[in-house]
$ cat input34.pdb   # PDB, C-alpha atoms
ATOM      1  CA  MET A   1     -32.564  36.888-118.005
ATOM      2  CA  SER A   2     -30.294  39.808-118.961
ATOM      3  CA  THR A   3     -26.606  39.620-118.230
ATOM      4  CA  GLU A   4     -26.076  43.276-117.374
ATOM      5  CA  SER A   5     -24.653  44.101-113.986
ATOM      6  CA  LYS A   6     -27.069  44.880-111.214
ATOM      7  CA  GLU A   7     -26.095  47.388-108.586
ATOM      8  CA  ILE A   8     -27.160  46.259-105.164
ATOM      9  CA  LEU A   9     -27.516  49.392-103.120
ATOM     10  CA  VAL A  10     -26.083  49.135 -99.693
ATOM     11  CA  GLY A  11     -26.783  51.623 -96.935
ATOM     12  CA  GLU A  12     -27.759  55.003 -98.434
ATOM     13  CA  SER A  13     -26.078  54.545-101.786
ATOM     14  CA  SER A  14     -22.870  52.808-102.750
ATOM     15  CA  GLN A  15     -22.655  54.924-105.939
ATOM     16  CA  ALA A  16     -22.390  58.112-103.916
ATOM     17  CA  LYS A  17     -19.318  56.721-102.197
ATOM     18  CA  PRO A  18     -17.032  55.566-104.994
ATOM     19  CA  GLU A  19     -14.239  54.855-102.526
ATOM     20  CA  LYS A  20     -16.187  51.815-101.309
ATOM     21  CA  LYS A  21     -14.703  48.569-102.542
ATOM     22  CA  THR A  22     -16.952  46.193-104.418
ATOM     23  CA  ILE A  23     -16.738  42.718-105.895
ATOM     24  CA  VAL A  24     -18.942  40.918-108.407
ATOM     25  CA  LEU A  25     -20.971  37.841-107.548
ATOM     26  CA  MET A  26     -22.045  35.778-110.560
ATOM     27  CA  ALA A  27     -25.240  33.771-110.287
ATOM     28  CA  SER A  28     -25.463  30.359-111.960
ATOM     29  CA  ASP A  29     -27.402  31.842-114.879
ATOM     30  CA  GLY A  30     -24.699  34.442-115.576
ATOM     31  CA  ASP A  31     -26.287  37.493-113.923
ATOM     32  CA  GLU A  32     -23.787  39.686-112.134
ATOM     33  CA  PHE A  33     -24.358  41.376-108.789
ATOM     34  CA  VAL A  34     -22.046  44.148-107.595
ATOM     35  CA  VAL A  35     -21.772  44.023-103.836
ATOM     36  CA  ASP A  36     -19.991  46.034-101.182
ATOM     37  CA  VAL A  37     -16.980  44.105 -99.896
ATOM     38  CA  ASP A  38     -17.537  44.955 -96.235
ATOM     39  CA  ASP A  39     -21.200  43.989 -96.409
ATOM     40  CA  ILE A  40     -20.631  40.619 -98.076
ATOM     41  CA  THR A  41     -17.586  39.653 -95.985
ATOM     42  CA  ASN A  42     -19.595  40.573 -92.901
ATOM     43  CA  GLN A  43     -21.928  37.704 -93.839
ATOM     44  CA  SER A  44     -20.040  35.130 -95.893
ATOM     45  CA  GLU A  45     -17.087  33.226 -94.494
ATOM     46  CA  MET A  46     -16.443  31.650 -97.899
ATOM     47  CA  ILE A  47     -16.032  35.038 -99.592
ATOM     48  CA  ARG A  48     -14.012  36.377 -96.670
ATOM     49  CA  ASN A  49     -11.574  33.456 -97.057
ATOM     50  CA  LEU A  50     -11.533  33.826-100.833
ATOM     51  CA  ILE A  51     -10.559  37.498-100.623
ATOM     52  CA  SER A  52      -7.860  36.708 -98.105
ATOM     53  CA  ASP A  53      -6.538  33.870-100.316
ATOM     54  CA  MET A  54      -6.555  36.126-103.406
ATOM     55  CA  GLY A  55      -4.766  38.862-101.460
ATOM     56  CA  GLY A  56      -7.283  41.544-102.406
ATOM     57  CA  THR A  57     -10.562  42.417-104.049
ATOM     58  CA  ASP A  58      -9.382  44.064-107.300
ATOM     59  CA  GLY A  59     -11.620  42.939-110.134
ATOM     60  CA  LEU A  60     -12.728  39.922-108.137
ATOM     61  CA  GLN A  61     -15.563  37.945-109.671
ATOM     62  CA  VAL A  62     -17.020  35.088-107.663
ATOM     63  CA  PRO A  63     -19.050  32.523-109.611
ATOM     64  CA  LEU A  64     -21.750  30.954-107.421
ATOM     65  CA  LEU A  65     -22.542  27.854-109.426
ATOM     66  CA  ASN A  66     -25.330  26.621-107.172
ATOM     67  CA  VAL A  67     -27.225  29.891-106.792
ATOM     68  CA  THR A  68     -29.679  31.276-109.351
ATOM     69  CA  ALA A  69     -30.148  35.031-109.867
ATOM     70  CA  PRO A  70     -33.546  35.306-108.093
ATOM     71  CA  VAL A  71     -32.226  33.404-105.080
ATOM     72  CA  LEU A  72     -29.022  35.475-104.944
ATOM     73  CA  ALA A  73     -31.049  38.705-105.229
ATOM     74  CA  LYS A  74     -33.259  37.605-102.320
ATOM     75  CA  LEU A  75     -30.273  36.531-100.231
ATOM     76  CA  LEU A  76     -28.508  39.873-100.786
ATOM     77  CA  GLU A  77     -31.727  41.727 -99.960
ATOM     78  CA  LEU A  78     -31.886  39.874 -96.634
ATOM     79  CA  PHE A  79     -28.165  40.486 -95.985
ATOM     80  CA  ASN A  80     -28.873  44.200 -96.403
ATOM     81  CA  VAL A  81     -31.579  44.026 -93.753
ATOM     82  CA  SER A  82     -29.200  42.124 -91.481
ATOM     83  CA  ASN A  83     -26.300  44.554 -92.050
ATOM     84  CA  LYS A  84     -28.495  47.586 -91.394
ATOM     85  CA  ASN A  85     -29.742  46.319 -88.041
ATOM     86  CA  ASP A  86     -27.692  45.645 -84.950
ATOM     87  CA  ASP A  87     -30.057  42.990 -83.669
ATOM     88  CA  ASP A  88     -31.598  40.062 -85.564
ATOM     89  CA  GLU A  89     -35.213  41.028 -84.958
ATOM     90  CA  GLU A  90     -35.851  42.725 -88.315
ATOM     91  CA  VAL A  91     -34.116  40.105 -90.472
ATOM     92  CA  THR A  92     -35.784  37.263 -88.528
ATOM     93  CA  GLN A  93     -39.131  38.869 -89.298
ATOM     94  CA  LYS A  94     -38.243  39.134 -93.024
ATOM     95  CA  VAL A  95     -37.159  35.472 -93.164
ATOM     96  CA  LYS A  96     -40.393  34.493 -91.416
ATOM     97  CA  GLU A  97     -42.430  36.475 -93.958
ATOM     98  CA  LEU A  98     -40.532  34.812 -96.804
ATOM     99  CA  MET A  99     -41.198  31.370 -95.319
ATOM    100  CA  GLU A 100     -44.928  32.068 -95.074
ATOM    101  CA  ALA A 101     -45.148  33.599 -98.569
ATOM    102  CA  GLU A 102     -42.681  31.518-100.603
ATOM    103  CA  LEU A 103     -41.405  28.461 -98.796
ATOM    104  CA  ASN A 104     -39.555  27.233-101.919
ATOM    105  CA  MET A 105     -37.618  30.478-102.157
ATOM    106  CA  MET A 106     -36.896  30.430 -98.438
ATOM    107  CA  ILE A 107     -35.452  26.925 -98.707
ATOM    108  CA  ASP A 108     -33.347  27.942-101.724
ATOM    109  CA  VAL A 109     -32.065  30.952 -99.777
ATOM    110  CA  LEU A 110     -31.234  28.635 -96.873
ATOM    111  CA  GLY A 111     -29.252  26.384 -99.236
ATOM    112  CA  ALA A 112     -27.429  29.383-100.736
ATOM    113  CA  ALA A 113     -26.563  30.733 -97.280
ATOM    114  CA  ASN A 114     -25.158  27.325 -96.383
ATOM    115  CA  TYR A 115     -23.166  27.241 -99.655
ATOM    116  CA  ILE A 116     -21.471  30.603 -99.127
ATOM    117  CA  GLU A 117     -21.042  29.883 -95.405
ATOM    118  CA  ALA A 118     -23.140  32.774 -94.162
ATOM    119  CA  THR A 119     -23.197  31.090 -90.779
ATOM    120  CA  SER A 120     -25.159  33.471 -88.595
ATOM    121  CA  PHE A 121     -27.797  34.145 -91.266
ATOM    122  CA  PHE A 122     -28.025  30.400 -91.964
ATOM    123  CA  ASP A 123     -28.488  29.602 -88.258
ATOM    124  CA  LEU A 124     -31.115  32.294 -87.941
ATOM    125  CA  SER A 125     -33.031  30.872 -90.939
ATOM    126  CA  CYS A 126     -32.770  27.326 -89.567
ATOM    127  CA  LYS A 127     -34.226  28.567 -86.300
ATOM    128  CA  VAL A 128     -37.157  30.252 -88.080
ATOM    129  CA  LEU A 129     -37.963  26.952 -89.833
ATOM    130  CA  ALA A 130     -37.471  24.952 -86.637
ATOM    131  CA  ASP A 131     -39.757  27.250 -84.628
ATOM    132  CA  LYS A 132     -42.420  26.717 -87.278
ATOM    133  CA  PHE A 133     -42.430  22.947 -87.112
ATOM    134  CA  LYS A 134     -41.625  22.476 -83.429
ATOM    135  CA  GLY A 135     -44.449  20.448 -81.896
ATOM    136  CA  MET A 136     -45.921  19.481 -85.286
ATOM    137  CA  SER A 137     -47.026  15.897 -85.884
ATOM    138  CA  VAL A 138     -45.186  13.830 -88.509
ATOM    139  CA  GLU A 139     -48.023  14.372 -90.983
ATOM    140  CA  GLU A 140     -48.035  18.121 -90.356
ATOM    141  CA  VAL A 141     -44.275  18.324 -90.950
ATOM    142  CA  ARG A 142     -44.654  16.421 -94.232
ATOM    143  CA  GLU A 143     -47.467  18.651 -95.364
ATOM    144  CA  PHE A 144     -45.761  21.884 -94.331
ATOM    145  CA  LEU A 145     -42.449  21.007 -95.988
ATOM    146  CA  ASN A 146     -43.996  19.199 -98.938
ATOM    147  CA  ILE A 147     -42.246  15.908 -98.235
ATOM    148  CA  GLU A 148     -43.327  12.536 -99.542
ATOM    149  CA  CYS A 149     -43.172   9.651 -97.099
ATOM    150  CA  ASP A 150     -40.678   7.156 -98.559
ATOM    151  CA  PHE A 151     -41.002   4.542 -95.812
ATOM    152  CA  THR A 152     -42.926   1.306 -96.126
ATOM    153  CA  GLU A 153     -45.817   0.795 -93.721
ATOM    154  CA  GLU A 154     -43.700  -1.782 -91.889
ATOM    155  CA  GLU A 155     -40.762   0.588 -91.450
ATOM    156  CA  LEU A 156     -43.082   3.298 -90.138
ATOM    157  CA  GLN A 157     -44.573   0.942 -87.586
ATOM    158  CA  GLN A 158     -41.093  -0.021 -86.423
ATOM    159  CA  ILE A 159     -40.012   3.633 -86.031
ATOM    160  CA  HIS A 160     -43.161   4.355 -84.032
ATOM    161  CA  ALA A 161     -42.671   1.271 -81.867
ATOM    162  CA  GLU A 162     -39.036   2.124 -81.097
ATOM    163  CA  ASN A 163     -39.879   5.684 -80.064
ATOM    164  CA  ALA A 164     -43.468   5.464 -78.864
ATOM    165  CA  TRP A 165     -42.879   8.126 -76.175
ATOM    166  CA  ALA A 166     -42.196  10.809 -78.787
ATOM    167  CA  PHE A 167     -45.384  10.150 -80.734
ATOM    168  CA  ASP A 168     -47.852  10.398 -77.822
TER     169      ASP A 168
ATOM    170  CA  MET B   1     -42.973  26.927-113.196
ATOM    171  CA  GLU B   2     -40.018  25.707-111.203
ATOM    172  CA  ALA B   3     -40.126  22.284-109.643
ATOM    173  CA  VAL B   4     -41.625  22.180-106.182
ATOM    174  CA  LYS B   5     -38.819  22.096-103.673
ATOM    175  CA  SER B   6     -38.791  20.977-100.115
ATOM    176  CA  LEU B   7     -36.399  20.594 -97.260
ATOM    177  CA  ASP B   8     -36.137  16.979 -98.402
ATOM    178  CA  ASP B   9     -33.990  18.171-101.327
ATOM    179  CA  MET B  10     -31.454  19.575 -98.899
ATOM    180  CA  PRO B  11     -28.302  17.809 -97.732
ATOM    181  CA  SER B  12     -28.855  15.851 -94.554
ATOM    182  CA  ASP B  13     -26.564  18.133 -92.532
ATOM    183  CA  VAL B  14     -28.793  21.139 -93.330
ATOM    184  CA  VAL B  15     -31.805  19.228 -91.991
ATOM    185  CA  SER B  16     -29.776  18.292 -88.893
ATOM    186  CA  LYS B  17     -29.024  21.943 -88.304
ATOM    187  CA  VAL B  18     -32.712  22.838 -88.517
ATOM    188  CA  LEU B  19     -33.595  19.997 -86.125
ATOM    189  CA  ALA B  20     -30.962  21.235 -83.667
ATOM    190  CA  PHE B  21     -33.240  24.214 -82.989
ATOM    191  CA  THR B  22     -36.151  21.966 -82.027
ATOM    192  CA  THR B  23     -36.330  19.571 -79.057
ATOM    193  CA  PRO B  24     -35.229  15.932 -78.618
ATOM    194  CA  ALA B  25     -38.902  14.903 -78.911
ATOM    195  CA  ASP B  26     -39.289  16.816 -82.207
ATOM    196  CA  ALA B  27     -36.048  15.320 -83.530
ATOM    197  CA  VAL B  28     -37.086  11.768 -82.692
ATOM    198  CA  ARG B  29     -40.542  12.324 -84.183
ATOM    199  CA  SER B  30     -39.003  13.689 -87.372
ATOM    200  CA  SER B  31     -37.228  10.360 -87.905
ATOM    201  CA  ALA B  32     -40.620   9.148 -89.192
ATOM    202  CA  VAL B  33     -40.958  11.956 -91.771
ATOM    203  CA  SER B  34     -38.706  10.492 -94.484
ATOM    204  CA  ARG B  35     -35.447   8.591 -94.952
ATOM    205  CA  LEU B  36     -33.474  11.813 -95.245
ATOM    206  CA  PHE B  37     -35.005  13.092 -92.007
ATOM    207  CA  ARG B  38     -34.254   9.805 -90.292
ATOM    208  CA  ALA B  39     -30.582  10.094 -91.263
ATOM    209  CA  ALA B  40     -30.531  13.753 -90.207
ATOM    210  CA  SER B  41     -32.213  13.028 -86.886
ATOM    211  CA  SER B  42     -29.506  10.667 -85.686
ATOM    212  CA  SER B  43     -26.458  12.778 -86.491
ATOM    213  CA  ASP B  44     -23.847  13.333 -83.803
ATOM    214  CA  GLU B  45     -23.880  17.060 -84.518
ATOM    215  CA  LEU B  46     -27.591  17.228 -83.708
ATOM    216  CA  TRP B  47     -27.436  15.247 -80.453
ATOM    217  CA  LYS B  48     -24.390  17.163 -79.334
ATOM    218  CA  ARG B  49     -26.678  20.192 -79.248
ATOM    219  CA  PHE B  50     -29.128  18.388 -76.965
ATOM    220  CA  LEU B  51     -26.449  17.180 -74.564
ATOM    221  CA  PRO B  52     -25.360  19.564 -71.808
ATOM    222  CA  SER B  53     -22.488  21.778 -72.943
ATOM    223  CA  ASN B  54     -20.390  20.573 -69.981
ATOM    224  CA  ILE B  55     -20.934  16.887 -70.795
ATOM    225  CA  ASP B  56     -17.156  16.334 -71.021
ATOM    226  CA  GLU B  57     -16.876  17.440 -67.386
ATOM    227  CA  ILE B  58     -19.813  15.321 -66.218
ATOM    228  CA  LEU B  59     -18.836  11.963 -67.754
ATOM    229  CA  PRO B  60     -15.517  11.573 -65.887
ATOM    230  CA  ARG B  61     -17.466  12.130 -62.635
ATOM    231  CA  ALA B  62     -19.638   9.048 -63.245
ATOM    232  CA  VAL B  63     -19.256   6.274 -60.695
ATOM    233  CA  ALA B  64     -19.554   3.625 -63.432
ATOM    234  CA  PRO B  65     -18.047   4.407 -66.826
ATOM    235  CA  ILE B  66     -20.647   5.365 -69.455
ATOM    236  CA  GLU B  67     -20.242   3.546 -72.753
ATOM    237  CA  PHE B  68     -21.783   4.782 -75.964
ATOM    238  CA  SER B  69     -21.185   4.605 -79.701
ATOM    239  CA  SER B  70     -23.006   7.781 -80.749
ATOM    240  CA  LYS B  71     -24.109  11.062 -79.204
ATOM    241  CA  GLU B  72     -27.739   9.972 -79.596
ATOM    242  CA  GLU B  73     -27.050   6.769 -77.661
ATOM    243  CA  LEU B  74     -25.278   8.789 -74.952
ATOM    244  CA  PHE B  75     -28.275  11.141 -74.696
ATOM    245  CA  PHE B  76     -30.726   8.308 -74.090
ATOM    246  CA  ARG B  77     -28.283   6.517 -71.783
ATOM    247  CA  LEU B  78     -28.297   9.660 -69.631
ATOM    248  CA  CYS B  79     -32.099   9.749 -69.509
ATOM    249  CA  ASP B  80     -31.685   7.030 -66.880
ATOM    250  CA  PRO B  81     -29.996   8.713 -63.917
ATOM    251  CA  ILE B  82     -26.315   8.027 -63.413
ATOM    252  CA  LEU B  83     -24.493   8.354 -60.094
ATOM    253  CA  ILE B  84     -21.694  10.895 -60.036
ATOM    254  CA  ASP B  85     -19.189  12.284 -57.535
ATOM    255  CA  GLY B  86     -18.655   9.085 -55.597
ATOM    256  CA  GLY B  87     -22.389   8.381 -55.544
ATOM    257  CA  ASN B  88     -23.344  11.499 -53.597
ATOM    258  CA  GLU B  89     -25.142  13.061 -56.557
ATOM    259  CA  SER B  90     -27.014  11.760 -59.524
ATOM    260  CA  PHE B  91     -27.382  13.260 -62.955
ATOM    261  CA  ALA B  92     -30.024  12.690 -65.612
ATOM    262  CA  LEU B  93     -31.491  14.298 -68.726
ATOM    263  CA  GLU B  94     -35.181  14.863 -69.281
ATOM    264  CA  ARG B  95     -36.018  12.920 -72.442
ATOM    265  CA  SER B  96     -38.413  15.304 -74.211
ATOM    266  CA  THR B  97     -36.538  18.517 -73.597
ATOM    267  CA  GLY B  98     -32.958  17.554 -72.740
ATOM    268  CA  ARG B  99     -33.191  19.525 -69.493
ATOM    269  CA  ASN B 100     -30.673  18.545 -66.828
ATOM    270  CA  CYS B 101     -31.816  16.957 -63.610
ATOM    271  CA  LEU B 102     -29.331  16.903 -60.743
ATOM    272  CA  MET B 103     -30.170  15.087 -57.523
ATOM    273  CA  VAL B 104     -28.193  15.706 -54.380
ATOM    274  CA  SER B 105     -27.768  13.330 -51.468
ATOM    275  CA  SER B 106     -29.280  14.584 -48.208
ATOM    276  CA  ARG B 107     -25.811  14.105 -46.678
ATOM    277  CA  ASP B 108     -24.632  16.920 -48.891
ATOM    278  CA  LEU B 109     -27.499  19.256 -48.026
ATOM    279  CA  TRP B 110     -27.434  21.811 -45.302
ATOM    280  CA  ILE B 111     -30.728  21.355 -43.503
ATOM    281  CA  THR B 112     -32.053  23.407 -40.596
ATOM    282  CA  TRP B 113     -31.551  21.399 -37.382
ATOM    283  CA  GLY B 114     -30.252  18.655 -39.669
ATOM    284  CA  GLY B 115     -27.809  17.464 -37.047
ATOM    285  CA  ASP B 116     -30.397  17.531 -34.252
ATOM    286  CA  ASN B 117     -31.701  14.011 -33.683
ATOM    287  CA  ARG B 118     -34.921  15.343 -32.136
ATOM    288  CA  TYR B 119     -35.978  16.488 -35.589
ATOM    289  CA  TRP B 120     -34.043  14.472 -38.152
ATOM    290  CA  THR B 121     -32.457  11.101 -38.407
ATOM    291  CA  PHE B 122     -30.849   9.027 -41.134
ATOM    292  CA  THR B 123     -32.760   5.868 -41.962
ATOM    293  CA  SER B 124     -32.401   3.220 -44.644
ATOM    294  CA  ASP B 125     -34.837   2.989 -47.508
ATOM    295  CA  TYR B 126     -34.528   0.233 -50.064
ATOM    296  CA  GLU B 127     -36.429   2.319 -52.596
ATOM    297  CA  SER B 128     -33.740   4.963 -52.510
ATOM    298  CA  SER B 129     -30.523   4.739 -54.467
ATOM    299  CA  TRP B 130     -28.781   6.121 -51.418
ATOM    300  CA  ARG B 131     -28.726   3.786 -48.511
ATOM    301  CA  ARG B 132     -29.543   6.422 -45.994
ATOM    302  CA  ILE B 133     -31.961   9.283 -46.210
ATOM    303  CA  ARG B 134     -32.964  11.873 -43.715
ATOM    304  CA  GLU B 135     -36.391  11.597 -42.197
ATOM    305  CA  ASP B 136     -38.078  14.234 -40.168
ATOM    306  CA  PHE B 137     -40.159  13.555 -37.063
ATOM    307  CA  ASN B 138     -41.631  16.972 -36.813
ATOM    308  CA  PRO B 139     -44.881  17.659 -38.676
ATOM    309  CA  ARG B 140     -43.867  21.300 -38.880
ATOM    310  CA  CYS B 141     -40.978  20.248 -41.111
ATOM    311  CA  LYS B 142     -43.236  19.227 -44.027
ATOM    312  CA  LYS B 143     -41.410  21.610 -46.264
ATOM    313  CA  HIS B 144     -38.158  19.783 -45.701
ATOM    314  CA  ARG B 145     -39.750  16.456 -46.350
ATOM    315  CA  LEU B 146     -40.848  17.669 -49.744
ATOM    316  CA  VAL B 147     -37.301  18.684 -50.530
ATOM    317  CA  LEU B 148     -36.090  15.238 -49.622
ATOM    318  CA  GLU B 149     -38.658  13.447 -51.701
ATOM    319  CA  LEU B 150     -37.118  15.011 -54.794
ATOM    320  CA  MET B 151     -33.999  13.058 -54.007
ATOM    321  CA  TYR B 152     -35.584   9.648 -54.246
ATOM    322  CA  LEU B 153     -34.726   7.687 -57.330
ATOM    323  CA  LYS B 154     -37.078   5.169 -58.758
ATOM    324  CA  PRO B 155     -35.884   1.581 -58.214
ATOM    325  CA  GLU B 156     -34.902  -0.344 -61.352
TER     326      GLU B 156
END
$ encode --input "input34.pdb" --output "structure tokens"
Amino acid sequence: MSTESKEILVGESSQAKPEKKTIVLMASDGDEFVVDVDDITNQSEMIRNLISDMGGTDGLQVPLLNVTAPVLAKLLELFNVSNKNDDDEEVTQKVKELMEAELNMMIDVLGAANYIEATSFFDLSCKVLADKFKGMSVEEVREFLNIECDFTEEELQQIHAENAWAFD
Amino acid sequence: MEAVKSLDDMPSDVVSKVLAFTTPADAVRSSAVSRLFRAASSSDELWKRFLPSNIDEILPRAVAPIEFSSKEELFFRLCDPILIDGGNESFALERSTGRNCLMVSSRDLWITWGGDNRYWTFTSDYESSWRRIREDFNPRCKKHRLVLELMYLKPE
């Protein structure tokens, strides 16, 4: 992975408007992403608080130790969709498509959104996942989310017995 | 090839947040998915979402104090109707969905000709949680009878 800066275009073009303030987000593997301050603070409470604590954005570099470059690129791409649309319809659709195509990536993006406290995007992504497995049986949930059952047969029987109404 | 990931690699509070967008039945069922899901499915934050938003106003209105040690316990405690407002109303939650169910005493209802003894009278019914219920004499009042039947509570 190269370490050169990547320009994330926001709106029409952030290069055409040099007066726009930017900061640099650093992925865990060292890749740098230049992002528009308004667009990222619109989404991330963590970065909003950081900028307010630092008293400005000049030369600000934010290392995101838990987020790899591909995940950060995908998250920023989805933020762009969210920032460009007044309602959540478009971004919900994109998150849904990501879940169907690359569930692993979607779950990483969910974790990253949680990490940088992108609350409304995180909630929206949680809802997309929840809508998918609402009404699923236990086995279907395990299969869909690729989860191994780590209960003993006895424990499972007890859980079923205690909550029989929910398993009918 | 990166390792296969799943929601099971997430912190339990992330799973709780996902479950909060499902239903109480889904949340309870998910306690059988894995240990992480079981922990996530009993969190206070999750069950707070399934409780009515005005729960703090409802509880002080209970005739008998409601005791609970977790939000999940409170939820299931409220699935059995509780009497509120001096016993004139009862409140319950529907287990699978968390929907509210409010039952009103016939004393508190305004009923057409309700005060006219030719049509309605108060009688006692041991199957009702309220000692007295209204009963109609008039076959044309079937509609009202149906309304009243909603107010019956199942005996213990």
$ atom_distance --input "input34.pdb" --atom1 "atom CA of B:Ala32" --atom2 "atom CA of B:Gly98"
20.0 Å
$ resolve_selection --input "input34.pdb" --expression "the PyMOL selection byres ((chain A and resi 74) around 12)" --output "list in words"
Ile8, Ala27, Phe33, Val67, Thr68, Ala69, Pro70, Val71, Leu72, Ala73, Leu75, Leu76, Glu77, Leu78, Phe79, Asn80, Val81, Lys94, Val95, Leu98, Glu102, Met105, Met106, Ile107, Asp108, Val109, Leu110, Ala112 and Ala113 of chain A
$ residues_around --input "input34.pdb" --residues "stretch 132-139 of chain A" --least-positions-apart "3" --cutoff "9 Å" --atoms "all atoms listed in the file" --output "ChimeraX atom specification"
/A:127-129,142-144,167 /B:19,21-23,25-26,29-33
$ closest_atom_pairs --input "input34.pdb" --of "chain B" --to "chain A" --cutoff "10 Å" --atoms "all atoms listed in the file" --output "CSV"
residue,atom,partner,partner_atom,distance
B:Glu2,CA,A:Asn104,CA,9.4
B:Ala3,CA,A:Asn104,CA,9.2
B:Val4,CA,A:Asn104,CA,6.9
B:Lys5,CA,A:Asn104,CA,5.5
B:Ser6,CA,A:Leu145,CA,5.5
B:Leu7,CA,A:Leu145,CA,6.2
B:Asp8,CA,A:Ile147,CA,6.2
B:Asp9,CA,A:Ile147,CA,9.1
B:Met10,CA,A:Gly111,CA,7.2
B:Pro11,CA,A:Gly111,CA,8.8
B:Val14,CA,A:Asn114,CA,7.8
B:Val15,CA,A:Cys126,CA,8.5
B:Ser16,CA,A:Cys126,CA,9.5
B:Lys17,CA,A:Cys126,CA,6.7
B:Val18,CA,A:Cys126,CA,4.6
B:Leu19,CA,A:Ala130,CA,6.3
B:Ala20,CA,A:Ala130,CA,8.1
B:Phe21,CA,A:Lys127,CA,5.6
B:Thr22,CA,A:Ala130,CA,5.6
B:Thr23,CA,A:Lys134,CA,7.5
B:Pro24,CA,A:Ala166,CA,8.6
B:Ala25,CA,A:Ala166,CA,5.3
B:Asp26,CA,A:Lys134,CA,6.2
B:Ala27,CA,A:Ala166,CA,9.0
B:Val28,CA,A:Ala166,CA,6.5
B:Arg29,CA,A:Ala166,CA,5.8
B:Ser30,CA,A:Val138,CA,6.3
B:Ser31,CA,A:Ile159,CA,7.5
B:Ala32,CA,A:Ile159,CA,6.4
B:Val33,CA,A:Val138,CA,5.7
B:Ser34,CA,A:Cys149,CA,5.2
B:Arg35,CA,A:Asp150,CA,6.5
B:Leu36,CA,A:Asp150,CA,9.2
B:Phe37,CA,A:Ile147,CA,10.0
B:Arg38,CA,A:Ile159,CA,9.5
B:Arg95,CA,A:Ala166,CA,9.1
B:Ser96,CA,A:Ala166,CA,7.4
$ residues_near_point --input "input34.pdb" --point "(-22.3, 32.2, -108.1)" --cutoff "7 Å" --atoms "only C-alpha atoms" --output "list in words"
Leu25, Met26, Ala27, Ser28, Val62, Pro63, Leu64, Leu65, Asn66 and Val67 of chain A
$ resolve_selection --input "input34.pdb" --expression "the PyMOL selection byres ((chain B and resi 84-91) around 6)" --output "JSON, numbers by chain"
{"B": [61, 62, 63, 81, 82, 83, 92, 101, 102, 103, 104, 105]}
$ residues_near_point --input "input34.pdb" --point "(-21.5, 15.5, -82.2)" --cutoff "12 Å" --atoms "all atoms listed in the file" --output "list in words"
Asp13, Ser16, Lys17, Ala20, Ser41, Ser42, Ser43, Asp44, Glu45, Leu46, Trp47, Lys48, Arg49, Phe50, Leu51, Pro52, Ser53, Ile55, Ser69, Ser70, Lys71, Glu72, Glu73, Leu74 and Phe75 of chain B
$ atom_distance --input "input34.pdb" --atom1 "atom CA of A:Asp88" --atom2 "atom CA of A:Asp38"
18.3 Å
